[in-house]
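Contents: one structure, followed by commentary.
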Amino acid sequence: MDKKKLYIKTWGCQMNVYDSQKMADVLFPLGYTPVDAPDDADLMILNSCHIREKSTEKVFSDLGRLRDIKEERAEQGRKPLIAVAGCVAQAEGDVILKRAKYVDMIFGPQTYHLLPEMVLQANGGERVINTDFPAESKFDHLPEATTGSPSAFLSVQEGCDKFCTFCVVPYTRGAEFSRPPEQVIEEAKRLAGQGAKEITLLGQNVNAYHGAYHGENHDLADLIAAVAEIDGIARIRYMTSHPRDMNGHLIEAHRDIEKLMPFLHLPVQSGSDRILERMNRKHTAAEYLDIITKIRAARPDIALSSDFIIGFPGETDEDHQATMDLAEKVGYASCYSFKYSPRPGTPGAVMDGVVPEAVKDKRLQELQALLFAQQTRINESMAGKVLPVLFDRKGQKPGQLLGKTPYMQSVYVDAPERLFGEIVDVAIARAFQNGLAGKIVTVEEILPKKSA
Ligand code: 5AD
Ligand code: SF4
């Protein structure tokens, strides 16, 4: 078969990373193999994210570069295709189609299984736009995973019905949908068969998971327990959760299921009840802290992570102080914090009490100083410990592997390549804000020779 080159640039969340992988899987039978640069690609896809900031502008600036490549290649008699996928395509497909005449395909996150058909149409000279929410699930049609990575993502749930007033996801990804448990288990088994040792169950609202099997509903904790039964899977994670769906069953899973890693990403967004209400989060700061207390009782060493939005309309100095106080109380291992950016079409975009950029900047700096100090302190507390590390990436230097601790910290280790994909005991020697460095623990170190 004719070999063709596929370039995908991905922005945004883990769901998008997963989606890009799926696009590559769907296009593999058509002869497309992934490449790292667009320069001689036959199909160039921008898998965009719409959640924050000037996402449409970012897409247009990248499109300009791809257009130049397309024009150069046209002079050589080739006709590479340019596609925009993801949430910007979903939300602003029409605008892109009008403004960028050289774009061949625009398609939203629910249509990736139709990609081969769309590519054929586009190669035949048609401009394709597909931003439907089809009645049939794409999950019934996507091919088997081909990743082979020791740490794999598995999408179990998509979309969201929560309508936080700052967020575009309910509009771009559509209503909440859970994949049937048997489909998830089959995919997890296949991933294990391809060498995955760690599986991260993904969903915009992953702990809202409710899959029906034989007439009974199964929640995320049930799903985790089922995946934990699969031979070869040593580690399970899930992302991203909402505090409202953090039920007792899931909290108990952190106590009872050994393979469930001691890490929880539980976004709080703000520590002020007034702002949480304006955000339509439907929980208070005290309720969030109560969950943290319960999860720590279930799994005392759990590493916690959150997302924060700074400068939501109406946020006062007191509200910001409440966010600082909450962060101080929790003690996070890692966090994402963003300045609020109004997203067109969301209720937040027309709320009064807009916070000036300079105030947002100052508050963000203050919060990040606290969060970075917490992260550094937690990383430093690992120095001198021996931790099991899953080597899932190659380091930048030759002879170096990168791995993850159970707590999600990255660890740099000098290690032979044959250890890639293995879980190995590492003695943590140094800690940085963003990660750790260590040394493989040898058998001699674990079992010192007995003196004669
Ligand atoms: N502005 C800033 N941050 C946002 N997020 C979502 N929407 C916005 C917005 N309009 C952040 C939230 C969410 C994360 C994925 O992105 O913190 O949890
Ligand atoms: Fe967006 Fe809120 Fe849904 Fe998360 S829960 S995807 S922040 S609307």
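Here, A, B, ... name the chains of the structure tokens in the order displayed, residue numbers run from 1 inside each chain, and ligands are numbered from 1 in the same displayed order.
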
Each chain A residue no farther than 6 Å from ligand 2, nearest pair in Å, only C-alpha atoms and all ligand atoms, as a tab-separated table:
residue	atom	partner	partner_atom_place_in_ligand_line	distance
A:Cys160	CA	ligand 2	3 (Fe)	4.7
A:Lys162	CA	ligand 2	3 (Fe)	4.9
A:Phe163	CA	ligand 2	8 (S)	4.1
A:Cys164	CA	ligand 2	8 (S)	4.1
A:Cys167	CA	ligand 2	1 (Fe)	4.5
A:Val169	CA	ligand 2	1 (Fe)	5.0
A:Pro170	CA	ligand 2	8 (S)	5.8
A:Gln204	CA	ligand 2	6 (S)	5.2

Grab the residues selected above and save them as a JSON list (two decimals), in the first residue's frame with all heavy atoms.
[["chain", "number", "residue", "atom", "x", "y", "z"],
["A", 160, "CYS", "N", -20.32, 16.31, 29.17],
["A", 160, "CYS", "CA", -20.60, 16.82, 30.50],
["A", 160, "CYS", "C", -21.96, 17.51, 30.52],
["A", 160, "CYS", "O", -22.31, 18.22, 29.60],
["A", 160, "CYS", "CB", -19.50, 17.80, 30.88],
["A", 160, "CYS", "SG", -19.78, 18.52, 32.49],
["A", 162, "LYS", "N", -22.80, 19.28, 33.40],
["A", 162, "LYS", "CA", -22.75, 20.07, 34.62],
["A", 162, "LYS", "C", -22.88, 21.57, 34.37],
["A", 162, "LYS", "O", -23.30, 22.31, 35.23],
["A", 162, "LYS", "CB", -21.43, 19.79, 35.36],
["A", 162, "LYS", "CG", -21.28, 18.34, 35.78],
["A", 162, "LYS", "CD", -21.26, 18.23, 37.25],
["A", 162, "LYS", "CE", -21.23, 16.84, 37.84],
["A", 162, "LYS", "NZ", -21.21, 15.67, 37.03],
["A", 163, "PHE", "N", -22.48, 22.02, 33.21],
["A", 163, "PHE", "CA", -22.63, 23.43, 32.85],
["A", 163, "PHE", "C", -22.05, 24.40, 33.88],
["A", 163, "PHE", "O", -22.74, 25.31, 34.34],
["A", 163, "PHE", "CB", -24.10, 23.77, 32.54],
["A", 163, "PHE", "CG", -24.58, 23.12, 31.26],
["A", 163, "PHE", "CD1", -25.19, 21.86, 31.28],
["A", 163, "PHE", "CD2", -24.37, 23.75, 30.04],
["A", 163, "PHE", "CE1", -25.59, 21.26, 30.10],
["A", 163, "PHE", "CE2", -24.78, 23.15, 28.85],
["A", 163, "PHE", "CZ", -25.40, 21.89, 28.89],
["A", 164, "CYS", "N", -20.79, 24.21, 34.24],
["A", 164, "CYS", "CA", -20.10, 25.25, 35.01],
["A", 164, "CYS", "C", -20.11, 26.49, 34.12],
["A", 164, "CYS", "O", -19.93, 26.39, 32.90],
["A", 164, "CYS", "CB", -18.66, 24.82, 35.29],
["A", 164, "CYS", "SG", -18.59, 23.31, 36.25],
["A", 167, "CYS", "N", -17.30, 27.22, 31.39],
["A", 167, "CYS", "CA", -16.74, 26.11, 30.61],
["A", 167, "CYS", "C", -17.49, 25.84, 29.30],
["A", 167, "CYS", "O", -18.72, 25.82, 29.26],
["A", 167, "CYS", "CB", -16.75, 24.86, 31.48],
["A", 167, "CYS", "SG", -15.93, 23.47, 30.71],
["A", 169, "VAL", "N", -17.06, 22.94, 27.58],
["A", 169, "VAL", "CA", -17.13, 21.49, 27.30],
["A", 169, "VAL", "C", -18.55, 20.98, 27.04],
["A", 169, "VAL", "O", -18.77, 20.24, 26.08],
["A", 169, "VAL", "CB", -16.42, 20.69, 28.43],
["A", 169, "VAL", "CG1", -16.75, 19.22, 28.36],
["A", 169, "VAL", "CG2", -14.92, 20.89, 28.34],
["A", 170, "PRO", "N", -19.55, 21.38, 27.84],
["A", 170, "PRO", "CA", -20.89, 20.85, 27.56],
["A", 170, "PRO", "C", -21.38, 21.22, 26.15],
["A", 170, "PRO", "O", -22.21, 20.52, 25.59],
["A", 170, "PRO", "CB", -21.77, 21.51, 28.62],
["A", 170, "PRO", "CG", -20.83, 21.85, 29.73],
["A", 170, "PRO", "CD", -19.54, 22.21, 29.06],
["A", 204, "GLN", "N", -14.16, 13.51, 30.77],
["A", 204, "GLN", "CA", -14.27, 14.90, 31.22],
["A", 204, "GLN", "C", -14.81, 14.94, 32.64],
["A", 204, "GLN", "O", -14.52, 15.82, 33.42],
["A", 204, "GLN", "CB", -15.24, 15.67, 30.32],
["A", 204, "GLN", "CG", -14.55, 16.61, 29.40],
["A", 204, "GLN", "CD", -14.44, 16.02, 28.02],
["A", 204, "GLN", "OE1", -15.26, 15.19, 27.64],
["A", 204, "GLN", "NE2", -13.45, 16.42, 27.28]]

Contacts of Ile310 of chain A at 10 Å or less, counting only C-alpha atoms, minus same-chain residues fewer than 3 places along, as an mmCIF file with N, CA, C and O atoms, in the first residue's frame?
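Writing the result to out_26.cif gives the following:
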data_model
loop_
_atom_site.group_PDB
_atom_site.id
_atom_site.type_symbol
_atom_site.label_atom_id
_atom_site.label_comp_id
_atom_site.auth_asym_id
_atom_site.auth_seq_id
_atom_site.Cartn_x
_atom_site.Cartn_y
_atom_site.Cartn_z
ATOM 1 N N GLN A 269 -11.400 24.690 41.614
ATOM 2 C CA GLN A 269 -11.567 25.957 40.867
ATOM 3 C C GLN A 269 -11.477 27.202 41.761
ATOM 4 O O GLN A 269 -10.809 28.169 41.402
ATOM 5 N N SER A 270 -12.171 27.207 42.904
ATOM 6 C CA SER A 270 -12.110 28.367 43.809
ATOM 7 C C SER A 270 -12.361 27.890 45.237
ATOM 8 O O SER A 270 -13.017 26.860 45.444
ATOM 9 N N ASP A 307 -7.367 21.931 39.776
ATOM 10 C CA ASP A 307 -7.340 23.075 38.861
ATOM 11 C C ASP A 307 -7.926 24.268 39.611
ATOM 12 O O ASP A 307 -8.889 24.105 40.379
ATOM 13 N N PRO A 313 -15.440 36.434 37.150
ATOM 14 C CA PRO A 313 -16.178 37.675 37.407
ATOM 15 C C PRO A 313 -16.758 37.723 38.821
ATOM 16 O O PRO A 313 -17.369 36.766 39.282
ATOM 17 N N GLU A 315 -14.905 38.100 41.552
ATOM 18 C CA GLU A 315 -13.943 37.656 42.574
ATOM 19 C C GLU A 315 -13.312 38.873 43.276
ATOM 20 O O GLU A 315 -12.698 39.721 42.628
ATOM 21 N N ASP A 319 -12.506 36.736 48.368
ATOM 22 C CA ASP A 319 -12.718 35.457 47.669
ATOM 23 C C ASP A 319 -11.363 34.818 47.348
ATOM 24 O O ASP A 319 -11.169 33.613 47.510
ATOM 25 N N HIS A 320 -10.446 35.662 46.870
ATOM 26 C CA HIS A 320 -9.115 35.140 46.524
ATOM 27 C C HIS A 320 -8.423 34.586 47.778
ATOM 28 O O HIS A 320 -7.811 33.514 47.732
ATOM 29 N N THR A 323 -9.528 31.204 48.485
ATOM 30 C CA THR A 323 -8.849 30.210 47.624
ATOM 31 C C THR A 323 -7.470 29.879 48.189
ATOM 32 O O THR A 323 -7.079 28.705 48.258
ATOM 33 N N SER A 337 -3.171 26.095 37.425
ATOM 34 C CA SER A 337 -3.928 27.296 37.786
ATOM 35 C C SER A 337 -3.944 28.230 36.588
ATOM 36 O O SER A 337 -2.916 28.402 35.915
ATOM 37 N N PHE A 338 -5.111 28.788 36.319
ATOM 38 C CA PHE A 338 -5.309 29.595 35.119
ATOM 39 C C PHE A 338 -5.992 30.901 35.470
ATOM 40 O O PHE A 338 -6.825 30.942 36.376
ATOM 41 N N LYS A 339 -5.705 31.919 34.662
ATOM 42 C CA LYS A 339 -6.512 33.137 34.750
ATOM 43 C C LYS A 339 -7.816 32.861 34.014
ATOM 44 O O LYS A 339 -7.813 32.197 32.955
ATOM 45 N N TYR A 340 -8.899 33.352 34.543
ATOM 46 C CA TYR A 340 -10.175 33.159 33.866
ATOM 47 C C TYR A 340 -10.134 33.808 32.477
ATOM 48 O O TYR A 340 -9.711 34.943 32.326
ATOM 49 N N SER A 341 -10.570 33.051 31.459
ATOM 50 C CA SER A 341 -10.721 33.674 30.142
ATOM 51 C C SER A 341 -12.157 33.443 29.671
ATOM 52 O O SER A 341 -12.626 32.305 29.645
ATOM 53 N N VAL A 355 -12.848 41.097 36.343
ATOM 54 C CA VAL A 355 -11.643 41.403 37.132
ATOM 55 C C VAL A 355 -10.545 41.899 36.184
ATOM 56 O O VAL A 355 -10.256 41.229 35.177
ATOM 57 N N VAL A 359 -4.997 42.602 38.114
ATOM 58 C CA VAL A 359 -5.386 41.985 39.393
ATOM 59 C C VAL A 359 -5.305 40.457 39.256
ATOM 60 O O VAL A 359 -4.789 39.758 40.143
ATOM 61 N N LYS A 360 -5.785 39.950 38.135
ATOM 62 C CA LYS A 360 -5.685 38.496 37.899
ATOM 63 C C LYS A 360 -4.228 38.055 37.952
ATOM 64 O O LYS A 360 -3.897 37.042 38.579
ATOM 65 N N ASP A 361 -3.349 38.830 37.291
ATOM 66 C CA ASP A 361 -1.922 38.470 37.257
ATOM 67 C C ASP A 361 -1.355 38.370 38.667
ATOM 68 O O ASP A 361 -0.671 37.407 39.008
ATOM 69 N N LYS A 362 -1.680 39.373 39.480
ATOM 70 C CA LYS A 362 -1.125 39.438 40.837
ATOM 71 C C LYS A 362 -1.628 38.253 41.662
ATOM 72 O O LYS A 362 -0.867 37.578 42.352
ATOM 73 N N ARG A 363 -2.943 37.991 41.560
ATOM 74 C CA ARG A 363 -3.511 36.880 42.351
ATOM 75 C C ARG A 363 -2.962 35.526 41.875
ATOM 76 O O ARG A 363 -2.693 34.639 42.678
ATOM 77 N N LEU A 364 -2.805 35.394 40.554
ATOM 78 C CA LEU A 364 -2.282 34.122 40.033
ATOM 79 C C LEU A 364 -0.867 33.887 40.539
ATOM 80 O O LEU A 364 -0.523 32.785 40.968
ATOM 81 N N GLN A 365 -0.070 34.949 40.513
ATOM 82 C CA GLN A 365 1.322 34.823 40.997
ATOM 83 C C GLN A 365 1.346 34.376 42.450
ATOM 84 O O GLN A 365 2.128 33.522 42.842
ATOM 85 N N LEU A 367 -0.993 32.766 44.158
ATOM 86 C CA LEU A 367 -1.436 31.366 44.313
ATOM 87 C C LEU A 367 -0.351 30.410 43.826
ATOM 88 O O LEU A 367 -0.039 29.420 44.488
#

- Item | Near-segment 413-422 of chain A list (9 Å; only C-alpha atoms; drop same-chain fewer than 5 positions) as a PyMOL selection string | chain A and resi 149-151+195-197+389-395+398-403+436-440

Atom CA of Ala383 of chain A sits from atom CA of Arg299 of chain A at a separation of 20.9 Å

Which one is closest to ligand 1: A:Val26, A:Ile129, A:Ala175, A:Met279? Count only C-alpha atoms and all ligand atoms.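 Among A:Val26, A:Ile129, A:Ala175, A:Met279, it is A:Met279 that comes nearest to ligand 1.
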
Q: Find the residues around Gly193 of chain A up to 9 Å (only C-alpha atoms counted), leave out those fewer than 2 positions away in its own chain, and share them as a list in words.
A: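 Near Gly193 of chain A, the qualifying residues are Gly148, Ala188, Lys189, Arg190, Leu191, Gly195, Ala196, Asp231 and Gly232 of chain A.
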
**Q.** From A:Gln110, A:Ser306, A:Gln433, A:Thr442, residue lying nearest ligand 1 [only C-alpha atoms and all ligand atoms]
**A.**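 Distance minimum relative to ligand 1 lands on A:Ser306.
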
Using only C-alpha atoms and all ligand atoms, can you tell me which of A:Gly331, A:Pro347, A:Pro406, A:Pro300 comes closest to ligand 1?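 Using only C-alpha atoms and all ligand atoms, the shortest distance to ligand 1 belongs to A:Pro347.
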
Using DSSP secondary structure from the backbone, list all alpha helix (DSSP H) positions within segment 28-156 of chain A, as a PyMOL selection string.
chain A and resi 55-75+86-99+115-123

Name the residues of segment 171-396 of chain A that come out as strand (DSSP E or B) in a backbone DSSP run; write them as a PDB file with C-alpha atoms, in the first residue's frame.
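Output (states35.pdb):
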ATOM      1  CA  PHE A 177     -22.053   9.566  27.914  1.00  0.00           C
ATOM      2  CA  SER A 178     -20.525   6.440  29.467  1.00  0.00           C
ATOM      3  CA  GLU A 198      -0.622   1.370  33.663  1.00  0.00           C
ATOM      4  CA  ILE A 199      -4.063   2.433  32.483  1.00  0.00           C
ATOM      5  CA  THR A 200      -5.563   5.860  33.035  1.00  0.00           C
ATOM      6  CA  LEU A 201      -9.335   5.836  32.706  1.00  0.00           C
ATOM      7  CA  LEU A 202     -10.269   9.104  31.053  1.00  0.00           C
ATOM      8  CA  HIS A 210     -22.360   4.869  34.997  1.00  0.00           C
ATOM      9  CA  GLY A 211     -22.154   1.965  32.584  1.00  0.00           C
ATOM     10  CA  ALA A 212     -25.009  -0.508  32.295  1.00  0.00           C
ATOM     11  CA  TYR A 213     -24.211  -4.228  32.179  1.00  0.00           C
ATOM     12  CA  GLU A 216     -27.324  -3.172  36.347  1.00  0.00           C
ATOM     13  CA  ASN A 217     -25.543   0.104  36.661  1.00  0.00           C
ATOM     14  CA  HIS A 218     -21.807   0.104  37.353  1.00  0.00           C
ATOM     15  CA  ASP A 219     -19.974   3.111  38.704  1.00  0.00           C
ATOM     16  CA  ARG A 235      -1.435   0.496  37.992  1.00  0.00           C
ATOM     17  CA  ILE A 236      -4.772   2.231  37.507  1.00  0.00           C
ATOM     18  CA  ARG A 237      -5.514   5.950  37.511  1.00  0.00           C
ATOM     19  CA  TYR A 238      -8.498   8.066  36.531  1.00  0.00           C
ATOM     20  CA  MET A 239      -8.938  11.633  35.390  1.00  0.00           C
ATOM     21  CA  LEU A 260      -5.379   2.078  42.216  1.00  0.00           C
ATOM     22  CA  PHE A 263      -3.138  10.143  43.295  1.00  0.00           C
ATOM     23  CA  LEU A 264      -6.315  12.154  42.795  1.00  0.00           C
ATOM     24  CA  HIS A 265      -6.898  15.088  40.479  1.00  0.00           C
ATOM     25  CA  GLN A 269     -11.567  25.957  40.867  1.00  0.00           C
ATOM     26  CA  ALA A 303      -1.133  12.902  46.463  1.00  0.00           C
ATOM     27  CA  LEU A 304      -3.698  15.555  45.599  1.00  0.00           C
ATOM     28  CA  SER A 305      -4.019  17.785  42.608  1.00  0.00           C
ATOM     29  CA  SER A 306      -6.462  20.452  41.456  1.00  0.00           C
ATOM     30  CA  ASP A 307      -7.340  23.075  38.861  1.00  0.00           C
ATOM     31  CA  PHE A 308      -7.884  26.684  39.932  1.00  0.00           C
ATOM     32  CA  ILE A 309      -9.426  29.565  38.032  1.00  0.00           C
ATOM     33  CA  ILE A 310      -8.285  32.991  39.154  1.00  0.00           C
ATOM     34  CA  SER A 334       0.701  19.444  41.849  1.00  0.00           C
ATOM     35  CA  CYS A 335      -1.846  21.840  40.370  1.00  0.00           C
ATOM     36  CA  TYR A 336      -2.914  23.697  37.276  1.00  0.00           C
ATOM     37  CA  SER A 337      -3.928  27.296  37.786  1.00  0.00           C
ATOM     38  CA  PHE A 338      -5.309  29.595  35.119  1.00  0.00           C
ATOM     39  CA  LYS A 339      -6.512  33.137  34.750  1.00  0.00           C
ATOM     40  CA  VAL A 386      12.830   3.958  47.525  1.00  0.00           C
ATOM     41  CA  LEU A 387       9.834   4.170  45.184  1.00  0.00           C
ATOM     42  CA  PRO A 388       8.560   1.873  42.443  1.00  0.00           C
ATOM     43  CA  VAL A 389       8.900   3.724  39.136  1.00  0.00           C
ATOM     44  CA  LEU A 390       7.258   2.781  35.839  1.00  0.00           C
ATOM     45  CA  PHE A 391       9.621   3.698  33.013  1.00  0.00           C
ATOM     46  CA  ASP A 392       7.294   4.991  30.318  1.00  0.00           C
ATOM     47  CA  ARG A 393       9.375   7.539  28.405  1.00  0.00           C
ATOM     48  CA  LYS A 394      12.878   7.810  27.013  1.00  0.00           C
TER      49      LYS A 394
END

Next item on the list: Skip His249 of chain A itself and residues of its chain fewer than 6 positions away, then list as a PyMOL selection string all residues within 9 Å of it, counting only C-alpha atoms.
Entry: chain A and resi 219-222

Go ahead and write the selection's residues with all heavy atoms as a PDB file, in the first residue's frame.
ATOM      1  N   ASP A 219     -20.630   1.807  38.586  1.00  0.00           N
ATOM      2  CA  ASP A 219     -19.974   3.111  38.704  1.00  0.00           C
ATOM      3  C   ASP A 219     -18.471   2.971  38.467  1.00  0.00           C
ATOM      4  O   ASP A 219     -17.976   1.875  38.157  1.00  0.00           O
ATOM      5  CB  ASP A 219     -20.320   3.772  40.049  1.00  0.00           C
ATOM      6  CG  ASP A 219     -19.793   2.989  41.233  1.00  0.00           C
ATOM      7  OD1 ASP A 219     -18.995   2.045  41.034  1.00  0.00           O
ATOM      8  OD2 ASP A 219     -20.165   3.316  42.377  1.00  0.00           O
ATOM      9  N   LEU A 220     -17.764   4.085  38.630  1.00  0.00           N
ATOM     10  CA  LEU A 220     -16.332   4.065  38.319  1.00  0.00           C
ATOM     11  C   LEU A 220     -15.571   3.089  39.219  1.00  0.00           C
ATOM     12  O   LEU A 220     -14.656   2.401  38.769  1.00  0.00           O
ATOM     13  CB  LEU A 220     -15.747   5.480  38.445  1.00  0.00           C
ATOM     14  CG  LEU A 220     -14.283   5.596  38.045  1.00  0.00           C
ATOM     15  CD1 LEU A 220     -14.075   5.298  36.561  1.00  0.00           C
ATOM     16  CD2 LEU A 220     -13.732   6.979  38.362  1.00  0.00           C
ATOM     17  N   ALA A 221     -15.980   3.018  40.495  1.00  0.00           N
ATOM     18  CA  ALA A 221     -15.282   2.109  41.420  1.00  0.00           C
ATOM     19  C   ALA A 221     -15.434   0.656  40.930  1.00  0.00           C
ATOM     20  O   ALA A 221     -14.476  -0.135  40.997  1.00  0.00           O
ATOM     21  CB  ALA A 221     -15.834   2.269  42.831  1.00  0.00           C
ATOM     22  N   ASP A 222     -16.630   0.299  40.424  1.00  0.00           N
ATOM     23  CA  ASP A 222     -16.818  -1.057  39.871  1.00  0.00           C
ATOM     24  C   ASP A 222     -15.889  -1.286  38.688  1.00  0.00           C
ATOM     25  O   ASP A 222     -15.297  -2.368  38.536  1.00  0.00           O
ATOM     26  CB  ASP A 222     -18.262  -1.239  39.370  1.00  0.00           C
ATOM     27  CG  ASP A 222     -19.273  -1.229  40.498  1.00  0.00           C
ATOM     28  OD1 ASP A 222     -18.939  -1.696  41.596  1.00  0.00           O
ATOM     29  OD2 ASP A 222     -20.414  -0.744  40.276  1.00  0.00           O
TER      30      ASP A 222
END
